[in-house]
Amino acid sequence: MELLQITSSSDFPLISTKKIVQMNNVHASYDSKNHILKEITLSIDRGTIYVIIGQSGSGKSTLLKLMNGMMIPSKGTVKIDYQTPNINDPKFKSLMHNIGYIPQSLGLIKNITVLENTLIGALPRLGKIHALLKIFPEEEIREAKKILKQVGLEGKEYRKAYMLSGGEKRRVAIARAFMQKPTLLLADEIVSELDSVTAREIMNLIADAQKTMNLTAIMVHHDLQLALEYANRVAVIKEGEKILEIGIEGDKIVDFQTGNLATDEIMEMYSTDTKK
Amino acid sequence: MKLWRCILLTPKNNLLIGVIIALLIATSYNIGANPVDFVKGLPNLAIIASEMTAVEPSLFVTAFWSMFETIQMAFIGTIVGIVISLPLSMLAARNLNSKYVYVPIRAILAAIRTFPSILWAILFVIMVGLGPFSGVLAIIMYTIGFVTKLQYESIETIDSDPMDAVRSIGVSKLQLIRYVVLPESAPHLLSQMLYMFDYNVRQTSILGLVGAGGIGFYIINYIKFFEYGKAVVFMLVVLFVVLVIDWVSVKIRDKYIVKSQHGIEVTTT
Ligand SMILES: Nc1ncnc2c1ncn2[C@@H]1O[C@H](COP(=O)(O)OP(=O)(O)O)[C@@H](O)[C@H]1O
Ligand SMILES: [Mg+2]
């Protein structure tokens, strides 16, 4: 009773404001028959890098789509900043403006330039008429160019997106997300298929943003090695269930789900698992 | 041996071929197709052909002017038709709308498509009278029915990833169309525009047969009065102009469309 009074009189909710994502016993399916995701419970701290790994088809992309509201859970609750994500809900729209989502094949518009692709991230800040006529304010263009420089695409602003290399395309997708002034970044296998040098460069960009912009990045990866190098937490998904949630504590890999140290045996098992 | 293998297909295929041949004979009998008549008619063709060699060059100026009118009709019809079909195709695309929107729109479009342009022309001649205006209206209707279908089909083949990425920024549907749908389908839309103009010039050339303006009006009238030497002038002009338009649209396609579509293919890393 006393607790309730405290919450109602306080500006801060009792649930920790540290959490940006909270999922509770979430089930999800595409056809209301087979559950693609089962009993997913997780919470993600603001300003951290959270990586999801698992075999292909295990439900990683689906998990991301639950977080930006492209999918609705069939059971359980998903909260992003205490709101229920739903892409069709006008109330969620203002939150969507600041959630960067990079789908598995990046979702760039191929026939337009790098700069134009980046500016799409600024659309929510534009007036309706300006947006329709493709008139971007000078300061947005300056901001876009600054971000493109930051992600290493200076001098390529006016290239058509289809002319870029795989690594450059990923930088454009990141620039578009950064243009949204994101609090949350959802990136689906953004460094898969890249050589390890380029993959690290891309990861460094995100790690920098995490520090400077207090960004929360939730990323799907294939490589456990790289995941552990950058992530605060790594969740392992297998056949739609979260079977492990690990992170590096000191020089040990800890399983936060059970509170135990993850054994070498487990680690080896999953690193070979994910390489398949 | 091998040749026989090719001809003697499986029993099922042989049966199918037999049925098709039987149908061919039956339908030919029904419509009164008679090869003897065809052969008997060949001398008539020779007469027309010889009369056609009596070309009247003085008519070329008139012919070019009436062809110019035809092209103008096709041009207006194509542009106006496409301007109307663009928003319609956005409403008819399944990946942009709920079925309560696209199902009725598609039904209306299907109804429009059941009419060939010459029937539309007859309808508009009755409505607004003889002349090129009814021809233009006919071309507009035909273009709407046809191009909208081509367009919503190409809109539906747009990669879902750019749509998802931009939609999840929280933009409006109009912005989604402006920033994803249009640029992603632009090469297809341009190609369809050219194709439709090309096709409409040919179509408009015959709309004159029902009095809806253009060069076809002259052709049908000279033929009616057996003045083949005059008709042939007009036919030659149609042939020439259609070939030129064909050639030009191939050039445009090569320059703008093949290049950017090539770009679409080069997406792998
Ligand atoms: N749009 C969809 N419709 C039906 N099933 C889907 C759809 N997308 C994914 N699935 C299925 O859901 C499962 C998980 O897919 P996904 O989340 O993409 O896995 P991952 O990203 O881990 O490879 C797979 O079995 C896949 O076939
Ligand atoms: Mg996936």
# chains A, B, ... in the order shown; residues from 1 in each chain; ligands from 1
>>> closest_atom_pairs(of="chain B", to="ligand 1", cutoff="12 Å", atoms="only C-alpha atoms and all ligand atoms", output="JSON lines")
{"residue": "B:Ser160", "atom": "CA", "partner": "ligand 1", "partner_atom_place_in_ligand_line": "1 (N)", "distance": 10.4}
{"residue": "B:Asp161", "atom": "CA", "partner": "ligand 1", "partner_atom_place_in_ligand_line": "1 (N)", "distance": 11.7}
{"residue": "B:Asp164", "atom": "CA", "partner": "ligand 1", "partner_atom_place_in_ligand_line": "1 (N)", "distance": 12.0}
>>> residues_around(residues="Lys149 of chain B", least_positions_apart="3", cutoff="12 Å", atoms="only C-alpha atoms", output="NGL selection string")
:B and (82 or 85-94 or 102 or 105-113 or 142-146 or 152-156 or 189 or 192)
>>> write_last_selection(atoms="N, CA, C and O atoms", output="tab-separated table (two decimals), in the first residue's frame")
chain	number	residue	atom	x	y	z
B	82	ILE	N	-2.25	7.52	-67.73
B	82	ILE	CA	-1.25	7.12	-66.74
B	82	ILE	C	-1.37	7.95	-65.48
B	82	ILE	O	-1.24	7.42	-64.36
B	85	SER	N	-4.01	6.37	-63.68
B	85	SER	CA	-3.75	5.01	-63.18
B	85	SER	C	-2.75	4.96	-62.04
B	85	SER	O	-2.79	4.02	-61.26
B	86	LEU	N	-1.88	5.97	-61.93
B	86	LEU	CA	-0.90	5.91	-60.84
B	86	LEU	C	-1.55	5.82	-59.46
B	86	LEU	O	-1.30	4.87	-58.73
B	87	PRO	N	-2.41	6.79	-59.09
B	87	PRO	CA	-3.07	6.65	-57.78
B	87	PRO	C	-3.93	5.39	-57.68
B	87	PRO	O	-3.97	4.75	-56.64
B	88	LEU	N	-4.57	5.03	-58.80
B	88	LEU	CA	-5.40	3.82	-58.77
B	88	LEU	C	-4.56	2.58	-58.47
B	88	LEU	O	-4.97	1.71	-57.70
B	89	SER	N	-3.37	2.53	-59.09
B	89	SER	CA	-2.55	1.34	-58.85
B	89	SER	C	-2.02	1.31	-57.43
B	89	SER	O	-1.84	0.23	-56.86
B	90	MET	N	-1.81	2.47	-56.82
B	90	MET	CA	-1.41	2.50	-55.41
B	90	MET	C	-2.54	1.94	-54.53
B	90	MET	O	-2.28	1.30	-53.52
B	91	LEU	N	-3.78	2.20	-54.95
B	91	LEU	CA	-4.91	1.70	-54.18
B	91	LEU	C	-5.17	0.21	-54.45
B	91	LEU	O	-5.75	-0.48	-53.63
B	92	ALA	N	-4.73	-0.25	-55.63
B	92	ALA	CA	-5.01	-1.63	-56.00
B	92	ALA	C	-3.92	-2.59	-55.56
B	92	ALA	O	-4.08	-3.81	-55.64
B	93	ALA	N	-2.77	-2.05	-55.10
B	93	ALA	CA	-1.66	-2.91	-54.72
B	93	ALA	C	-1.93	-3.58	-53.37
B	93	ALA	O	-2.30	-2.91	-52.40
B	94	ARG	N	-1.75	-4.88	-53.34
B	94	ARG	CA	-2.09	-5.61	-52.12
B	94	ARG	C	-1.13	-5.33	-50.98
B	94	ARG	O	-1.48	-5.47	-49.81
B	102	TYR	N	-8.49	-2.78	-52.07
B	102	TYR	CA	-8.03	-3.24	-53.38
B	102	TYR	C	-9.02	-4.14	-54.12
B	102	TYR	O	-9.03	-4.16	-55.34
B	105	ILE	N	-11.51	-1.92	-56.17
B	105	ILE	CA	-10.77	-1.21	-57.23
B	105	ILE	C	-10.41	-2.18	-58.36
B	105	ILE	O	-10.58	-1.88	-59.54
B	106	ARG	N	-9.96	-3.36	-57.97
B	106	ARG	CA	-9.58	-4.35	-58.97
B	106	ARG	C	-10.78	-4.80	-59.79
B	106	ARG	O	-10.66	-5.04	-60.99
B	107	ALA	N	-11.91	-4.91	-59.13
B	107	ALA	CA	-13.12	-5.34	-59.84
B	107	ALA	C	-13.48	-4.30	-60.90
B	107	ALA	O	-13.80	-4.65	-62.05
B	108	ILE	N	-13.42	-3.02	-60.53
B	108	ILE	CA	-13.74	-1.96	-61.50
B	108	ILE	C	-12.75	-2.00	-62.67
B	108	ILE	O	-13.14	-1.92	-63.84
B	109	LEU	N	-11.47	-2.17	-62.34
B	109	LEU	CA	-10.45	-2.20	-63.39
B	109	LEU	C	-10.67	-3.38	-64.33
B	109	LEU	O	-10.53	-3.25	-65.55
B	110	ALA	N	-11.03	-4.52	-63.76
B	110	ALA	CA	-11.27	-5.71	-64.60
B	110	ALA	C	-12.42	-5.43	-65.54
B	110	ALA	O	-12.39	-5.82	-66.72
B	111	ALA	N	-13.45	-4.74	-65.04
B	111	ALA	CA	-14.59	-4.41	-65.90
B	111	ALA	C	-14.15	-3.47	-67.03
B	111	ALA	O	-14.54	-3.66	-68.18
B	112	ILE	N	-13.32	-2.49	-66.71
B	112	ILE	CA	-12.83	-1.57	-67.74
B	112	ILE	C	-12.04	-2.32	-68.81
B	112	ILE	O	-12.16	-2.05	-69.99
B	113	ARG	N	-11.27	-3.30	-68.36
B	113	ARG	CA	-10.42	-4.04	-69.31
B	113	ARG	C	-11.19	-4.94	-70.26
B	113	ARG	O	-10.66	-5.36	-71.27
B	142	TYR	N	-8.84	2.81	-72.03
B	142	TYR	CA	-8.08	1.59	-72.28
B	142	TYR	C	-6.77	1.61	-71.48
B	142	TYR	O	-6.38	0.62	-70.86
B	143	THR	N	-6.12	2.79	-71.48
B	143	THR	CA	-4.85	2.93	-70.76
B	143	THR	C	-5.04	2.70	-69.27
B	143	THR	O	-4.24	2.02	-68.63
B	144	ILE	N	-6.10	3.26	-68.72
B	144	ILE	CA	-6.36	3.08	-67.28
B	144	ILE	C	-6.47	1.59	-66.95
B	144	ILE	O	-5.79	1.08	-66.06
B	145	GLY	N	-7.31	0.91	-67.72
B	145	GLY	CA	-7.54	-0.51	-67.43
B	145	GLY	C	-6.28	-1.33	-67.52
B	145	GLY	O	-6.03	-2.21	-66.71
B	146	PHE	N	-5.47	-0.99	-68.48
B	146	PHE	CA	-4.31	-1.83	-68.77
B	146	PHE	C	-3.11	-1.46	-67.91
B	146	PHE	O	-2.49	-2.31	-67.29
B	152	TYR	N	0.19	-2.05	-60.67
B	152	TYR	CA	0.06	-2.63	-59.33
B	152	TYR	C	0.79	-3.95	-59.25
B	152	TYR	O	1.29	-4.33	-58.20
B	153	GLU	N	0.91	-4.63	-60.39
B	153	GLU	CA	1.69	-5.86	-60.35
B	153	GLU	C	3.17	-5.57	-60.10
B	153	GLU	O	3.82	-6.29	-59.34
B	154	SER	N	3.68	-4.51	-60.69
B	154	SER	CA	5.10	-4.24	-60.41
B	154	SER	C	5.29	-3.65	-59.02
B	154	SER	O	6.33	-3.85	-58.40
B	155	ILE	N	4.29	-2.93	-58.52
B	155	ILE	CA	4.39	-2.43	-57.14
B	155	ILE	C	4.42	-3.60	-56.16
B	155	ILE	O	5.14	-3.60	-55.17
B	156	GLU	N	3.66	-4.63	-56.48
B	156	GLU	CA	3.61	-5.78	-55.57
B	156	GLU	C	4.90	-6.59	-55.57
B	156	GLU	O	5.15	-7.36	-54.65
B	189	LEU	N	7.70	1.62	-64.20
B	189	LEU	CA	6.64	2.56	-64.58
B	189	LEU	C	7.01	3.28	-65.88
B	189	LEU	O	6.18	3.43	-66.77
B	192	GLN	N	6.62	0.92	-68.75
B	192	GLN	CA	5.21	0.70	-69.09
B	192	GLN	C	4.63	1.90	-69.83
B	192	GLN	O	3.81	1.75	-70.73
>>> interface_residues(of="chain A", to="chain B", cutoff="10 Å", atoms="only C-alpha atoms", output="JSON, numbers by chain")
{"A": [65, 68, 69, 70, 86, 87, 88, 89, 90, 92, 93, 94, 95, 96, 97, 98, 99, 100, 101, 102, 103, 104, 105, 106, 107, 108, 109, 110, 111, 112, 116, 117, 120, 121, 122, 123, 124, 128, 131, 132, 133, 134, 160, 161, 162, 163, 164, 165, 166, 167, 168, 169, 173, 176, 177, 180, 193, 194]}
>>> residues_near_ligand(ligand="ligand 2", cutoff="10 Å", atoms="only C-alpha atoms and all ligand atoms", output="VMD selection string")
chain A and resid 53 to 64 103 to 105 188 to 189 220 to 222
>>> select_by_dssp(residues="segment 33-275 of chain A", states="alpha helix (DSSP H)", output="VMD selection string")
chain A and resid 60 to 67 90 to 96 114 to 119 128 to 133 138 to 150 166 to 179 196 to 212 224 to 230 264 to 275
>>> residues_around(residues="Gly250 of chain A", least_positions_apart="3", cutoff="12 Å", atoms="only C-alpha atoms", output="PDB file with C-alpha atoms, in the first residue's frame")
ATOM      1  CA  ASN A 232      27.041  -6.425 -22.830  1.00  0.00           C
ATOM      2  CA  GLY A 247      27.959 -11.888 -20.904  1.00  0.00           C
ATOM      3  CA  ILE A 253      31.667 -15.763 -19.352  1.00  0.00           C
ATOM      4  CA  VAL A 254      28.623 -15.783 -17.118  1.00  0.00           C
ATOM      5  CA  LEU A 261      29.496 -19.578 -15.166  1.00  0.00           C
TER       6      LEU A 261
END
>>> atom_distance(atom1="atom CA of Met196 of chain B", atom2="atom CA of Val147 of chain B")
7.4 Å
>>> residues_around(residues="segment 246-252 of chain B", least_positions_apart="4", cutoff="8 Å", atoms="only C-alpha atoms", output="PDB file with N, CA, C and O atoms, in the first residue's frame")
ATOM      1  N   LEU B 194       6.236   3.934 -71.888  1.00  0.00           N
ATOM      2  CA  LEU B 194       6.702   3.874 -73.276  1.00  0.00           C
ATOM      3  C   LEU B 194       5.937   2.816 -74.060  1.00  0.00           C
ATOM      4  O   LEU B 194       5.479   3.049 -75.174  1.00  0.00           O
ATOM      5  N   TYR B 195       5.807   1.679 -73.442  1.00  0.00           N
ATOM      6  CA  TYR B 195       5.118   0.573 -74.077  1.00  0.00           C
ATOM      7  C   TYR B 195       3.691   0.977 -74.424  1.00  0.00           C
ATOM      8  O   TYR B 195       3.192   0.721 -75.515  1.00  0.00           O
ATOM      9  N   ASP B 198       3.536   3.578 -77.348  1.00  0.00           N
ATOM     10  CA  ASP B 198       3.794   2.805 -78.548  1.00  0.00           C
ATOM     11  C   ASP B 198       2.512   2.071 -78.991  1.00  0.00           C
ATOM     12  O   ASP B 198       2.052   2.188 -80.131  1.00  0.00           O
ATOM     13  N   VAL B 242       5.094   4.162 -86.968  1.00  0.00           N
ATOM     14  CA  VAL B 242       5.163   3.124 -85.935  1.00  0.00           C
ATOM     15  C   VAL B 242       6.582   2.585 -85.821  1.00  0.00           C
ATOM     16  O   VAL B 242       7.094   2.370 -84.721  1.00  0.00           O
ATOM     17  N   TYR B 256      17.732   4.451 -70.344  1.00  0.00           N
ATOM     18  CA  TYR B 256      17.294   4.755 -68.979  1.00  0.00           C
ATOM     19  C   TYR B 256      16.843   3.542 -68.188  1.00  0.00           C
ATOM     20  O   TYR B 256      16.973   3.499 -66.986  1.00  0.00           O
ATOM     21  N   ILE B 257      16.258   2.593 -68.877  1.00  0.00           N
ATOM     22  CA  ILE B 257      15.614   1.539 -68.107  1.00  0.00           C
ATOM     23  C   ILE B 257      16.517   0.341 -67.913  1.00  0.00           C
ATOM     24  O   ILE B 257      16.707  -0.120 -66.809  1.00  0.00           O
TER      25      ILE B 257
END
>>> atom_distance(atom1="atom CA of Glu241 of chain A", atom2="atom CA of Ala227 of chain A")
18.7 Å
>>> atom_distance(atom1="atom CA of Asn204 of chain A", atom2="atom CA of Ile190 of chain A")
12.6 Å
>>> select_by_dssp(residues="segment 65-155 of chain A", states="strand (DSSP E)", output="list in words")
Lys75, Gly76, Thr77, Val78, Lys79, Ile80, Ile99, Gly100, Tyr101 and Ile102 of chain A
>>> residues_around(residues="Glu69 of chain B", least_positions_apart="5", cutoff="10 Å", atoms="only C-alpha atoms", output="ChimeraX atom specification")
/B:63-64,74-75,132,204-205,213-215
>>> residues_around(residues="Tyr230 of chain A", least_positions_apart="5", cutoff="12 Å", atoms="only C-alpha atoms", output="number ranges by chain")
A: 48-51, 199-208, 210, 217-219, 221, 223-225, 247-248
>>> closest_residue(among="A:Val26, A:Leu66, A:Val197, A:Val114", to="Tyr158 of chain A", atoms="only C-alpha atoms")
A:Val114
>>> closest_residue(among="B:Val19, B:Ala231, B:Ile79, B:Ile71", to="Val201 of chain B", atoms="only C-alpha atoms")
B:Ile71
>>> decode(residues="segment 108-222 of chain B", atoms="C-alpha atoms", output="PDB file, in the first residue's frame")
ATOM      1  CA  ILE B 108     -13.739  -1.959 -61.501  1.00  0.00           C
ATOM      2  CA  LEU B 109     -10.451  -2.205 -63.388  1.00  0.00           C
ATOM      3  CA  ALA B 110     -11.272  -5.706 -64.596  1.00  0.00           C
ATOM      4  CA  ALA B 111     -14.593  -4.405 -65.897  1.00  0.00           C
ATOM      5  CA  ILE B 112     -12.829  -1.567 -67.737  1.00  0.00           C
ATOM      6  CA  ARG B 113     -10.425  -4.038 -69.312  1.00  0.00           C
ATOM      7  CA  THR B 114     -13.169  -6.192 -70.789  1.00  0.00           C
ATOM      8  CA  PHE B 115     -13.768  -3.481 -73.427  1.00  0.00           C
ATOM      9  CA  PRO B 116     -11.281  -3.250 -76.294  1.00  0.00           C
ATOM     10  CA  SER B 117     -10.430   0.334 -77.263  1.00  0.00           C
ATOM     11  CA  ILE B 118     -12.622   0.235 -80.365  1.00  0.00           C
ATOM     12  CA  LEU B 119     -15.694  -0.477 -78.249  1.00  0.00           C
ATOM     13  CA  TRP B 120     -14.824   2.408 -75.942  1.00  0.00           C
ATOM     14  CA  ALA B 121     -14.491   4.558 -79.049  1.00  0.00           C
ATOM     15  CA  ILE B 122     -17.980   3.587 -80.257  1.00  0.00           C
ATOM     16  CA  LEU B 123     -19.348   4.361 -76.809  1.00  0.00           C
ATOM     17  CA  PHE B 124     -17.720   7.797 -76.714  1.00  0.00           C
ATOM     18  CA  VAL B 125     -18.729   8.602 -80.299  1.00  0.00           C
ATOM     19  CA  ILE B 126     -22.295   8.040 -79.161  1.00  0.00           C
ATOM     20  CA  MET B 127     -21.644  10.156 -76.072  1.00  0.00           C
ATOM     21  CA  VAL B 128     -19.640  13.120 -77.350  1.00  0.00           C
ATOM     22  CA  GLY B 129     -19.992  12.760 -81.121  1.00  0.00           C
ATOM     23  CA  LEU B 130     -17.630  12.011 -83.991  1.00  0.00           C
ATOM     24  CA  GLY B 131     -14.063  13.263 -83.898  1.00  0.00           C
ATOM     25  CA  PRO B 132     -10.725  12.893 -82.148  1.00  0.00           C
ATOM     26  CA  PHE B 133     -12.031  13.760 -78.675  1.00  0.00           C
ATOM     27  CA  SER B 134     -13.993  10.522 -78.438  1.00  0.00           C
ATOM     28  CA  GLY B 135     -10.863   8.699 -79.612  1.00  0.00           C
ATOM     29  CA  VAL B 136      -8.820  10.308 -76.857  1.00  0.00           C
ATOM     30  CA  LEU B 137     -11.412   9.301 -74.262  1.00  0.00           C
ATOM     31  CA  ALA B 138     -11.302   5.735 -75.557  1.00  0.00           C
ATOM     32  CA  ILE B 139      -7.523   5.640 -75.287  1.00  0.00           C
ATOM     33  CA  ILE B 140      -7.688   7.048 -71.742  1.00  0.00           C
ATOM     34  CA  MET B 141     -10.093   4.319 -70.639  1.00  0.00           C
ATOM     35  CA  TYR B 142      -8.075   1.589 -72.277  1.00  0.00           C
ATOM     36  CA  THR B 143      -4.847   2.926 -70.765  1.00  0.00           C
ATOM     37  CA  ILE B 144      -6.355   3.083 -67.284  1.00  0.00           C
ATOM     38  CA  GLY B 145      -7.544  -0.510 -67.430  1.00  0.00           C
ATOM     39  CA  PHE B 146      -4.312  -1.825 -68.770  1.00  0.00           C
ATOM     40  CA  VAL B 147      -1.571   0.274 -67.190  1.00  0.00           C
ATOM     41  CA  THR B 148      -3.064   0.137 -63.699  1.00  0.00           C
ATOM     42  CA  LYS B 149      -2.829  -3.622 -63.797  1.00  0.00           C
ATOM     43  CA  LEU B 150       0.765  -3.542 -65.002  1.00  0.00           C
ATOM     44  CA  GLN B 151       1.607  -0.988 -62.346  1.00  0.00           C
ATOM     45  CA  TYR B 152       0.056  -2.629 -59.329  1.00  0.00           C
ATOM     46  CA  GLU B 153       1.693  -5.860 -60.350  1.00  0.00           C
ATOM     47  CA  SER B 154       5.101  -4.241 -60.413  1.00  0.00           C
ATOM     48  CA  ILE B 155       4.392  -2.428 -57.140  1.00  0.00           C
ATOM     49  CA  GLU B 156       3.611  -5.781 -55.571  1.00  0.00           C
ATOM     50  CA  THR B 157       6.974  -7.163 -56.611  1.00  0.00           C
ATOM     51  CA  ILE B 158       8.836  -4.443 -54.687  1.00  0.00           C
ATOM     52  CA  ASP B 159      11.223  -5.891 -52.165  1.00  0.00           C
ATOM     53  CA  SER B 160       9.559  -5.911 -48.740  1.00  0.00           C
ATOM     54  CA  ASP B 161      12.734  -4.924 -46.895  1.00  0.00           C
ATOM     55  CA  PRO B 162      12.859  -1.237 -47.921  1.00  0.00           C
ATOM     56  CA  MET B 163       9.132  -1.051 -47.210  1.00  0.00           C
ATOM     57  CA  ASP B 164       9.604  -2.537 -43.737  1.00  0.00           C
ATOM     58  CA  ALA B 165      12.617  -0.360 -42.968  1.00  0.00           C
ATOM     59  CA  VAL B 166      10.914   2.883 -43.933  1.00  0.00           C
ATOM     60  CA  ARG B 167       7.481   1.942 -42.603  1.00  0.00           C
ATOM     61  CA  SER B 168       8.991   1.224 -39.201  1.00  0.00           C
ATOM     62  CA  ILE B 169      10.329   4.786 -39.018  1.00  0.00           C
ATOM     63  CA  GLY B 170       6.686   5.712 -38.553  1.00  0.00           C
ATOM     64  CA  VAL B 171       6.099   7.596 -41.813  1.00  0.00           C
ATOM     65  CA  SER B 172       2.706   8.113 -43.432  1.00  0.00           C
ATOM     66  CA  LYS B 173       1.498   5.966 -46.318  1.00  0.00           C
ATOM     67  CA  LEU B 174       1.888   8.899 -48.687  1.00  0.00           C
ATOM     68  CA  GLN B 175       5.518   9.265 -47.640  1.00  0.00           C
ATOM     69  CA  LEU B 176       6.030   5.536 -48.031  1.00  0.00           C
ATOM     70  CA  ILE B 177       4.759   5.806 -51.610  1.00  0.00           C
ATOM     71  CA  ARG B 178       6.877   8.873 -52.281  1.00  0.00           C
ATOM     72  CA  TYR B 179      10.104   7.522 -50.861  1.00  0.00           C
ATOM     73  CA  VAL B 180       9.926   3.775 -51.431  1.00  0.00           C
ATOM     74  CA  VAL B 181       7.224   2.719 -53.873  1.00  0.00           C
ATOM     75  CA  LEU B 182       7.859   5.325 -56.564  1.00  0.00           C
ATOM     76  CA  PRO B 183      11.658   5.163 -56.680  1.00  0.00           C
ATOM     77  CA  GLU B 184      11.685   1.372 -56.420  1.00  0.00           C
ATOM     78  CA  SER B 185       9.194   0.888 -59.221  1.00  0.00           C
ATOM     79  CA  ALA B 186      10.185   3.890 -61.359  1.00  0.00           C
ATOM     80  CA  PRO B 187      12.060   1.900 -64.036  1.00  0.00           C
ATOM     81  CA  HIS B 188       9.044  -0.359 -64.482  1.00  0.00           C
ATOM     82  CA  LEU B 189       6.641   2.557 -64.581  1.00  0.00           C
ATOM     83  CA  LEU B 190       8.707   4.355 -67.207  1.00  0.00           C
ATOM     84  CA  SER B 191       8.982   1.233 -69.294  1.00  0.00           C
ATOM     85  CA  GLN B 192       5.214   0.705 -69.094  1.00  0.00           C
ATOM     86  CA  MET B 193       4.625   4.304 -70.139  1.00  0.00           C
ATOM     87  CA  LEU B 194       6.702   3.874 -73.276  1.00  0.00           C
ATOM     88  CA  TYR B 195       5.118   0.573 -74.077  1.00  0.00           C
ATOM     89  CA  MET B 196       1.659   2.039 -73.659  1.00  0.00           C
ATOM     90  CA  PHE B 197       2.388   5.056 -75.868  1.00  0.00           C
ATOM     91  CA  ASP B 198       3.794   2.805 -78.548  1.00  0.00           C
ATOM     92  CA  TYR B 199       0.737   0.577 -78.345  1.00  0.00           C
ATOM     93  CA  ASN B 200      -1.687   3.501 -78.216  1.00  0.00           C
ATOM     94  CA  VAL B 201      -0.318   4.989 -81.441  1.00  0.00           C
ATOM     95  CA  ARG B 202      -1.145   1.720 -83.205  1.00  0.00           C
ATOM     96  CA  GLN B 203      -4.560   1.545 -81.565  1.00  0.00           C
ATOM     97  CA  THR B 204      -5.405   5.154 -82.328  1.00  0.00           C
ATOM     98  CA  SER B 205      -4.601   4.524 -85.975  1.00  0.00           C
ATOM     99  CA  ILE B 206      -7.653   2.287 -86.242  1.00  0.00           C
ATOM    100  CA  LEU B 207     -10.060   4.259 -84.039  1.00  0.00           C
ATOM    101  CA  GLY B 208     -10.943   6.338 -87.100  1.00  0.00           C
ATOM    102  CA  LEU B 209     -12.774   3.267 -88.381  1.00  0.00           C
ATOM    103  CA  VAL B 210     -15.623   4.129 -86.028  1.00  0.00           C
ATOM    104  CA  GLY B 211     -15.300   7.863 -86.552  1.00  0.00           C
ATOM    105  CA  ALA B 212     -13.209   8.637 -83.516  1.00  0.00           C
ATOM    106  CA  GLY B 213     -10.626  10.729 -85.362  1.00  0.00           C
ATOM    107  CA  GLY B 214      -7.103  10.102 -86.548  1.00  0.00           C
ATOM    108  CA  ILE B 215      -5.661   8.522 -89.647  1.00  0.00           C
ATOM    109  CA  GLY B 216      -7.901   5.461 -89.600  1.00  0.00           C
ATOM    110  CA  PHE B 217     -10.798   7.627 -90.711  1.00  0.00           C
ATOM    111  CA  TYR B 218      -9.115   8.253 -94.093  1.00  0.00           C
ATOM    112  CA  ILE B 219      -8.024   4.667 -94.508  1.00  0.00           C
ATOM    113  CA  ILE B 220     -11.480   3.216 -93.965  1.00  0.00           C
ATOM    114  CA  ASN B 221     -13.129   5.753 -96.257  1.00  0.00           C
ATOM    115  CA  TYR B 222     -10.746   5.235 -99.173  1.00  0.00           C
TER     116      TYR B 222
END
